[in-house]
There are 2 protein chains.
Amino acid sequence: MKKTLRIGSLTIGGGAPLRVESMLKTRLHDTEACLAQLQELKKEGCELVRVALPTAELKDCLRTLCERSPLPLMADIHFDPDIAVAAIEAGCPSIRINPGNMGSPQRLTGVVELARDRGVVIRIGANSGSINAEQLRLSGGDRGAALALAVSQQMEMLLSRKFYDVIVSAKSTDIAETLRANVLLNERYGDFPFHVGITESGSGLDGIVKSACGLSRLFAMGIGDTMRVSLSQPPADEVRAAYSILRALDLRQRGGKLISCPTCGRRQLDVADAVPEVREILGSLPDGYTVAVMGCEVNGPREARHAQLGIAGSPNGLVVFREGEIVARIEKGASVIEALRPYLPKKS
Amino acid sequence: MKKTLRIGSLTIGGGAPLRVESMLKTRLHDTEACLAQLQELKKEGCELVRVALPTAELKDCLRTLCERSPLPLMADIHFDPDIAVAAIEAGCPSIRINPGNMGSPQRLTGVVELARDRGVVIRIGANSGSINAEQLRLSGGDRGAALALAVSQQMEMLLSRKFYDVIVSAKSTDIAETLRANVLLNERYGDFPFHVGITESGSGLDGIVKSACGLSRLFAMGIGDTMRVSLSQPPADEVRAAYSILRALDLRQRGGKLISCPTCGRRQLDVADAVPEVREILGSLPDGYTVAVMGCEVNGPREARHAQLGIAGSPNGLVVFREGEIVARIEKGASVIEALRPYLPKKS
């Protein structure tokens with residue numbers, strides 16, 4: 001059974017749902033900007049937020065943020081164990097350390113002891129940049145295996161000190177490399193929660209596609225207890241993309257689901273126009289409730305009979321259907337939303 | 001060895017690359033609108049285009065389009081074998097028939113004989129709407145298995161008539177159902193090319209994510225010779241999304257690749273601003289050439305050392321790096337593209 005960890009009131013691993021993370025893009029010394037971004041993230045359903053702590057001098061800023069944050073935080077630490085100590089002293093409930101640049105194992109002992117005292121969770125978070133030449137050589141040039149090795153070395157350091165509140169993570173910009181590292185780590189550390197993602201995914205279409213392709217494969221292997229979709233975009237976009245992936249794979253629902261036909265020469269409803277209107281109301285629907293927008297009455301109700309509610313074009317206007325059965329015919333001129341409204345459920 | 005089929009000058013299956021398809025959303029009687037959409041699709045890299053032939057009366061429109069189309073066409077036929085006959089007589093090199101609504105096997109015999117005479121490829125294209133109650137009962141309520149059964153029954157009809165120029169396809173709006181149907185069909189008909197996709201994916205973020213999640217899983221199992229990303233959007237968007245998926249999975253390249261870091265409090269370059277600028281030049285780069293846009297000099301060049309070329313923020317401006325090595329330092333004020341330009345390769 002996978003270990004369950006607790007960061008503030010948030011549970012990760014064990015029987016908990018797959019958690020959605022993001023990272024602040026605001027600077028830590030700008031507390032108000034950070035809090036505004038945290039509020040926005042919370043509204044989108046984000047559950048844990050990473051924040052870079054570049055120097056120990058920003059300790060007080062981190063303390064203030066931890067006290068006022070509406071979401072649990074994870075301090076992102078590079079280069080210096082003293083910064084990790086500062087993060088824990090600031091009251092941060094979790095830290096992420098990069099095994100590639102934390103110096104000698106000895107220097108981390110203080111961090112581990114302090115984390116244990118304060119009940120702080122440590123994520124070992126490696127990425128392509130964490131690999132050194134020696135690890136690559138030992139892995140015979142296999143970058144995925146080298147990434148797993150970088151994490152393993154740090155894991156062993158923690159486990160040898162009987163520190164077990166650990167989240168494992170290995171990310172690459174390359175999907176195959178990320179999969180390889182995670183499969184290897186899962187064989188060895190499968191009892192610990194895994195944080196997953198494709199790092200530096202880019203932005204826009206390519207960024208989302210890369211994360212979706214990679215995460216879909218990881219989840220299919222049962223790997224992933226907490227996730228981040230890394231995008232070069234506002235962090236709220238990362239959270240929306242994460243829920244979109246979880247929804248597509250039926251792993252977690254948030255609001256209603258929309259299906260629509262791609263349309264063809266047979267269509268009698270402008271699906272492309274109707275879809276954005278229907279998407280607007282998804283948030284107000286019960287989790288997992290499915291609405292279909294179909295171009296024609298001929299195929300629509302039948303193809304979308306698994307939808308709780310649907311609308312299709314007809315020669316005379318619109319038909320509304322519930323689980324494949326037509327429940328109303330509406331003459332030309334009515335809006336799609338007005339046609340659907342009498343049949344919409346309330347959010348449970 | 002998988003069979004290679006030919007539609008016009010296009011090869012599918014065997015050793016051919018994974019092909020990218022779309023479907024016209026214009027109406028067949030509007031030849032000029034169809035041709036404009038076909039030109040746009042060709043420009044994006046589309047290789048085969050489906051077009052709905054709703055009635056046999058539109059046969060001459062289809063003939064004109066086949067004669068003038070810059071891309072091979074596939075006529076989409078429902079309900080009536082006579083329409084399939086009309087499509088073949090119009091000179092269309094391939095047809096898609098939906099096993100759910102083509103009537104008795106006897107009525108299809110004429111279609112098969114004519115297709116054989118003319119060297120026409122037939123795609124058996126089933127979707128959730130193709131399943132009938134009997135198939136669902138025989139499959140014990142397993143919708144994925146019922147979908148596979150619907151395709152199998154039609155496949156057997158063709159194979160028993162010694163017709164082998166067949167593309168297999170089974171799509172559902174549900175990823176798990178699509179995977180299940182394809183795995184079953186692949187066990188039985190793995191020697192034939194498979195067309196894959198998630199049907200009625202929706203539009204925008206959710207549509208793309210659903211296709212990416214599902215197709216990534218199918219491709220991981222080696223299933224898929226030709227693909228469509230179904231979106232309730234202009235068909236060119238479908239093609240762009242398809243190549244984005246193929247690029248993410250390193251299955252097929254088209255132009256350069258962009259990676260960018262998600263940025264954090266350490267950034268010294270506004271990555272979100274720089275990324276769209278760099279994306280503009282990707283089309284002019286050799287296939288697979290990777291450009292990195294990284295927030296900071298500290299992590300950037302190292303994390304992105306697998307990129308052929310990269311740019312990162314530095315306290316004094318920008319650094320340009322090639323395969324992890326800094327090749328230029330550029331003072332504040334220069335644009336990202338101007339900084340990269342001297343180092344960019346030409347398209348091969």
# chains A, B, ... in the order shown; residues from 1 in each chain; ligands from 1
$ residues_around --residues "Cys213 in chain A" --least-positions-apart "6" --cutoff "6 Å" --atoms "only C-alpha atoms" --output "VMD selection string"
chain B and resid 212 to 213 216
$ write_last_selection --atoms "all heavy atoms" --output "tab-separated table (two decimals), in the first residue's frame"
chain	number	residue	atom	x	y	z
B	212	ALA	N	-4.93	13.96	-27.35
B	212	ALA	CA	-3.53	13.70	-27.01
B	212	ALA	C	-3.42	12.54	-26.02
B	212	ALA	O	-2.61	11.63	-26.19
B	212	ALA	CB	-2.88	14.95	-26.43
B	213	CYS	N	-4.27	12.54	-25.00
B	213	CYS	CA	-4.24	11.48	-23.99
B	213	CYS	C	-4.54	10.12	-24.63
B	213	CYS	O	-3.86	9.13	-24.35
B	213	CYS	CB	-5.26	11.74	-22.88
B	213	CYS	SG	-4.79	13.05	-21.74
B	216	SER	N	-1.86	9.08	-27.54
B	216	SER	CA	-0.58	8.72	-26.93
B	216	SER	C	-0.59	7.27	-26.45
B	216	SER	O	0.37	6.53	-26.63
B	216	SER	CB	-0.31	9.68	-25.76
B	216	SER	OG	0.78	9.26	-24.99
$ closest_atom_pairs --of "chain B" --to "chain A" --cutoff "8 Å" --atoms "only C-alpha atoms" --output "Markdown table"
| residue | atom | partner | partner_atom | distance |
| --- | --- | --- | --- | --- |
| B:Met23 | CA | A:Cys264 | CA | 7.3 |
| B:Leu24 | CA | A:Cys264 | CA | 6.6 |
| B:Lys25 | CA | A:Cys264 | CA | 4.9 |
| B:Thr26 | CA | A:Gly265 | CA | 6.1 |
| B:Arg27 | CA | A:Gly265 | CA | 4.9 |
| B:Leu28 | CA | A:Gly265 | CA | 6.9 |
| B:Val51 | CA | A:Cys264 | CA | 7.5 |
| B:Ala52 | CA | A:Gly265 | CA | 5.6 |
| B:Leu53 | CA | A:Gly265 | CA | 7.7 |
| B:Pro54 | CA | A:Arg266 | CA | 6.7 |
| B:Asn127 | CA | A:Glu303 | CA | 7.7 |
| B:Ser128 | CA | A:Glu303 | CA | 5.6 |
| B:Gly129 | CA | A:Glu303 | CA | 3.9 |
| B:Ser130 | CA | A:Glu303 | CA | 7.7 |
| B:Thr173 | CA | A:Ile259 | CA | 7.4 |
| B:Ile175 | CA | A:Leu249 | CA | 6.8 |
| B:Ala176 | CA | A:Leu249 | CA | 7.8 |
| B:Thr199 | CA | A:Cys261 | CA | 7.2 |
| B:Glu200 | CA | A:Cys261 | CA | 4.1 |
| B:Ser201 | CA | A:Ile259 | CA | 6.1 |
| B:Gly202 | CA | A:Ser260 | CA | 4.7 |
| B:Ser203 | CA | A:Val275 | CA | 7.3 |
| B:Leu205 | CA | A:Ala241 | CA | 7.1 |
| B:Asp206 | CA | A:Ser244 | CA | 5.6 |
| B:Ile208 | CA | A:Val209 | CA | 7.0 |
| B:Val209 | CA | A:Ala212 | CA | 5.8 |
| B:Lys210 | CA | A:Ala248 | CA | 5.1 |
| B:Ala212 | CA | A:Cys213 | CA | 5.3 |
| B:Cys213 | CA | A:Ser216 | CA | 5.1 |
| B:Gly214 | CA | A:Ser216 | CA | 7.6 |
| B:Leu215 | CA | A:Cys213 | CA | 7.8 |
| B:Ser216 | CA | A:Cys213 | CA | 5.1 |
| B:Arg217 | CA | A:Arg217 | CA | 6.1 |
| B:Ala220 | CA | A:Arg217 | CA | 8.0 |
| B:Ser230 | CA | A:Pro262 | CA | 5.5 |
| B:Leu231 | CA | A:Pro262 | CA | 5.1 |
| B:Ser232 | CA | A:Pro262 | CA | 4.4 |
| B:Gln233 | CA | A:Ala272 | CA | 5.9 |
| B:Ala241 | CA | A:Leu205 | CA | 7.1 |
| B:Ser244 | CA | A:Asp206 | CA | 5.6 |
| B:Ile245 | CA | A:Val209 | CA | 6.0 |
| B:Ala248 | CA | A:Lys210 | CA | 5.1 |
| B:Leu249 | CA | A:Ile175 | CA | 6.8 |
| B:Leu258 | CA | A:Gly202 | CA | 6.6 |
| B:Ile259 | CA | A:Gly202 | CA | 5.0 |
| B:Ser260 | CA | A:Gly202 | CA | 4.7 |
| B:Cys261 | CA | A:Glu200 | CA | 4.1 |
| B:Pro262 | CA | A:Ser232 | CA | 4.4 |
| B:Thr263 | CA | A:Lys25 | CA | 6.6 |
| B:Cys264 | CA | A:Lys25 | CA | 4.9 |
| B:Gly265 | CA | A:Arg27 | CA | 4.8 |
| B:Arg266 | CA | A:Pro54 | CA | 6.7 |
| B:Val271 | CA | A:Ser232 | CA | 6.5 |
| B:Ala272 | CA | A:Ser232 | CA | 5.3 |
| B:Val275 | CA | A:Ser203 | CA | 7.3 |
| B:Asn299 | CA | A:Gly129 | CA | 7.2 |
| B:Arg302 | CA | A:Gly129 | CA | 5.6 |
| B:Glu303 | CA | A:Gly129 | CA | 3.9 |
| B:Ala304 | CA | A:Gly129 | CA | 7.4 |
$ residues_around --residues "Leu73 in chain B" --least-positions-apart "4" --cutoff "9 Å" --atoms "only C-alpha atoms" --output "PyMOL selection string"
chain B and resi 7-8+48-51+65-66+69+92-95
$ write_last_selection --atoms "all heavy atoms" --output "tab-separated table (two decimals), in the first residue's frame"
chain	number	residue	atom	x	y	z
B	7	ILE	N	-3.61	5.30	-51.49
B	7	ILE	CA	-4.79	6.11	-51.84
B	7	ILE	C	-4.24	7.27	-52.67
B	7	ILE	O	-3.57	8.15	-52.13
B	7	ILE	CB	-5.53	6.64	-50.59
B	7	ILE	CG1	-6.01	5.46	-49.73
B	7	ILE	CG2	-6.70	7.54	-51.00
B	7	ILE	CD1	-6.72	5.87	-48.46
B	8	GLY	N	-4.49	7.24	-53.97
B	8	GLY	CA	-3.81	8.19	-54.86
B	8	GLY	C	-2.32	7.93	-54.73
B	8	GLY	O	-1.88	6.77	-54.79
B	48	LEU	N	-4.63	13.34	-46.19
B	48	LEU	CA	-5.83	12.65	-46.69
B	48	LEU	C	-7.02	13.38	-46.08
B	48	LEU	O	-7.00	13.73	-44.91
B	48	LEU	CB	-5.82	11.18	-46.25
B	48	LEU	CG	-7.04	10.32	-46.63
B	48	LEU	CD1	-7.18	10.20	-48.14
B	48	LEU	CD2	-6.92	8.92	-46.01
B	49	VAL	N	-8.04	13.64	-46.90
B	49	VAL	CA	-9.17	14.44	-46.41
B	49	VAL	C	-10.48	13.71	-46.67
B	49	VAL	O	-10.77	13.31	-47.79
B	49	VAL	CB	-9.20	15.83	-47.09
B	49	VAL	CG1	-10.35	16.67	-46.52
B	49	VAL	CG2	-7.88	16.57	-46.89
B	50	ARG	N	-11.25	13.58	-45.61
B	50	ARG	CA	-12.54	12.94	-45.73
B	50	ARG	C	-13.58	14.01	-46.06
B	50	ARG	O	-13.47	15.15	-45.63
B	50	ARG	CB	-12.89	12.26	-44.39
B	50	ARG	CG	-13.93	11.21	-44.47
B	50	ARG	CD	-13.64	10.09	-43.45
B	50	ARG	NE	-13.33	10.59	-42.13
B	50	ARG	CZ	-14.19	10.58	-41.11
B	50	ARG	NH1	-15.43	10.12	-41.28
B	50	ARG	NH2	-13.83	11.01	-39.92
B	51	VAL	N	-14.56	13.61	-46.86
B	51	VAL	CA	-15.63	14.54	-47.21
B	51	VAL	C	-16.94	13.78	-47.19
B	51	VAL	O	-17.03	12.67	-47.71
B	51	VAL	CB	-15.34	15.20	-48.59
B	51	VAL	CG1	-15.00	14.17	-49.65
B	51	VAL	CG2	-16.51	16.05	-49.06
B	65	LEU	N	-14.58	17.70	-57.37
B	65	LEU	CA	-13.65	17.91	-56.27
B	65	LEU	C	-12.47	16.94	-56.36
B	65	LEU	O	-11.32	17.32	-56.15
B	65	LEU	CB	-14.38	17.75	-54.93
B	65	LEU	CG	-13.68	18.43	-53.75
B	65	LEU	CD1	-13.63	19.93	-53.95
B	65	LEU	CD2	-14.41	18.10	-52.45
B	66	CYS	N	-12.76	15.69	-56.69
B	66	CYS	CA	-11.68	14.70	-56.82
B	66	CYS	C	-10.70	15.12	-57.92
B	66	CYS	O	-9.49	14.97	-57.78
B	66	CYS	CB	-12.25	13.32	-57.14
B	66	CYS	SG	-13.03	12.53	-55.73
B	69	SER	N	-8.85	18.41	-56.47
B	69	SER	CA	-8.29	18.43	-55.12
B	69	SER	C	-6.76	18.26	-55.11
B	69	SER	O	-6.22	17.41	-55.81
B	69	SER	CB	-8.90	17.30	-54.29
B	69	SER	OG	-8.24	17.25	-53.02
B	92	CYS	N	-13.65	8.74	-56.63
B	92	CYS	CA	-13.03	8.93	-55.31
B	92	CYS	C	-12.15	7.72	-54.98
B	92	CYS	O	-12.59	6.58	-55.11
B	92	CYS	CB	-14.12	9.12	-54.26
B	92	CYS	SG	-13.51	9.90	-52.77
B	93	PRO	N	-10.89	7.94	-54.58
B	93	PRO	CA	-9.97	6.81	-54.40
B	93	PRO	C	-10.18	6.02	-53.12
B	93	PRO	O	-9.58	4.95	-52.95
B	93	PRO	CB	-8.59	7.48	-54.40
B	93	PRO	CG	-8.85	8.87	-53.90
B	93	PRO	CD	-10.22	9.24	-54.38
B	94	SER	N	-11.01	6.53	-52.22
B	94	SER	CA	-11.26	5.78	-50.98
B	94	SER	C	-12.61	6.17	-50.41
B	94	SER	O	-13.10	7.28	-50.61
B	94	SER	CB	-10.15	6.03	-49.95
B	94	SER	OG	-10.06	7.40	-49.61
B	95	ILE	N	-13.24	5.22	-49.71
B	95	ILE	CA	-14.52	5.50	-49.04
B	95	ILE	C	-14.46	5.00	-47.62
B	95	ILE	O	-13.74	4.05	-47.31
B	95	ILE	CB	-15.73	4.87	-49.78
B	95	ILE	CG1	-15.61	3.33	-49.81
B	95	ILE	CG2	-15.88	5.43	-51.19
B	95	ILE	CD1	-16.88	2.64	-50.33
$ select_by_dssp --residues "range 180-265 of chain A" --states "helix (DSSP H, G or I)" --output "PDB file with C-alpha atoms, in the first residue's frame"
ATOM      1  CA  ARG A 180      11.845   5.451 -18.398  1.00  0.00           C
ATOM      2  CA  ALA A 181      12.968   7.243 -15.211  1.00  0.00           C
ATOM      3  CA  ASN A 182       9.577   6.858 -13.575  1.00  0.00           C
ATOM      4  CA  VAL A 183       9.212   3.183 -14.412  1.00  0.00           C
ATOM      5  CA  LEU A 184      12.624   2.481 -12.866  1.00  0.00           C
ATOM      6  CA  LEU A 185      11.879   4.570  -9.784  1.00  0.00           C
ATOM      7  CA  ASN A 186       8.419   3.042  -9.395  1.00  0.00           C
ATOM      8  CA  GLU A 187       9.913  -0.458  -9.288  1.00  0.00           C
ATOM      9  CA  ARG A 188      12.121   0.607  -6.427  1.00  0.00           C
ATOM     10  CA  TYR A 189      10.124   3.260  -4.560  1.00  0.00           C
ATOM     11  CA  GLY A 204       0.055  26.908 -26.074  1.00  0.00           C
ATOM     12  CA  LEU A 205      -0.891  23.865 -28.083  1.00  0.00           C
ATOM     13  CA  ASP A 206       2.500  22.122 -27.965  1.00  0.00           C
ATOM     14  CA  GLY A 207       2.921  22.555 -24.222  1.00  0.00           C
ATOM     15  CA  ILE A 208      -0.473  21.120 -23.388  1.00  0.00           C
ATOM     16  CA  VAL A 209      -0.155  18.288 -25.900  1.00  0.00           C
ATOM     17  CA  LYS A 210       3.243  17.257 -24.549  1.00  0.00           C
ATOM     18  CA  SER A 211       1.983  17.128 -20.966  1.00  0.00           C
ATOM     19  CA  ALA A 212      -1.192  15.290 -21.974  1.00  0.00           C
ATOM     20  CA  CYS A 213       0.722  12.697 -24.036  1.00  0.00           C
ATOM     21  CA  GLY A 214       3.266  12.062 -21.292  1.00  0.00           C
ATOM     22  CA  LEU A 215       0.976  12.117 -18.266  1.00  0.00           C
ATOM     23  CA  SER A 216      -1.560   9.867 -19.982  1.00  0.00           C
ATOM     24  CA  ARG A 217       1.171   7.238 -20.360  1.00  0.00           C
ATOM     25  CA  LEU A 218       2.353   7.601 -16.746  1.00  0.00           C
ATOM     26  CA  PHE A 219      -1.175   7.371 -15.329  1.00  0.00           C
ATOM     27  CA  ALA A 220      -1.812   4.290 -17.492  1.00  0.00           C
ATOM     28  CA  PRO A 235      -0.153  29.186 -13.436  1.00  0.00           C
ATOM     29  CA  ALA A 236      -3.966  29.100 -13.522  1.00  0.00           C
ATOM     30  CA  ASP A 237      -3.626  27.732 -17.080  1.00  0.00           C
ATOM     31  CA  GLU A 238      -1.535  24.888 -15.677  1.00  0.00           C
ATOM     32  CA  VAL A 239      -4.330  23.954 -13.289  1.00  0.00           C
ATOM     33  CA  ARG A 240      -7.013  24.124 -15.984  1.00  0.00           C
ATOM     34  CA  ALA A 241      -4.877  21.884 -18.218  1.00  0.00           C
ATOM     35  CA  ALA A 242      -4.305  19.447 -15.345  1.00  0.00           C
ATOM     36  CA  TYR A 243      -8.045  19.041 -14.735  1.00  0.00           C
ATOM     37  CA  SER A 244      -8.628  18.717 -18.448  1.00  0.00           C
ATOM     38  CA  ILE A 245      -6.224  15.757 -18.523  1.00  0.00           C
ATOM     39  CA  LEU A 246      -7.735  14.189 -15.400  1.00  0.00           C
ATOM     40  CA  ARG A 247     -11.215  14.621 -16.869  1.00  0.00           C
ATOM     41  CA  ALA A 248     -10.250  13.121 -20.234  1.00  0.00           C
TER      42      ALA A 248
END
$ atom_distance --atom1 "CA of Val327 in chain B" --atom2 "CA of Leu344 in chain B"
12.6 Å
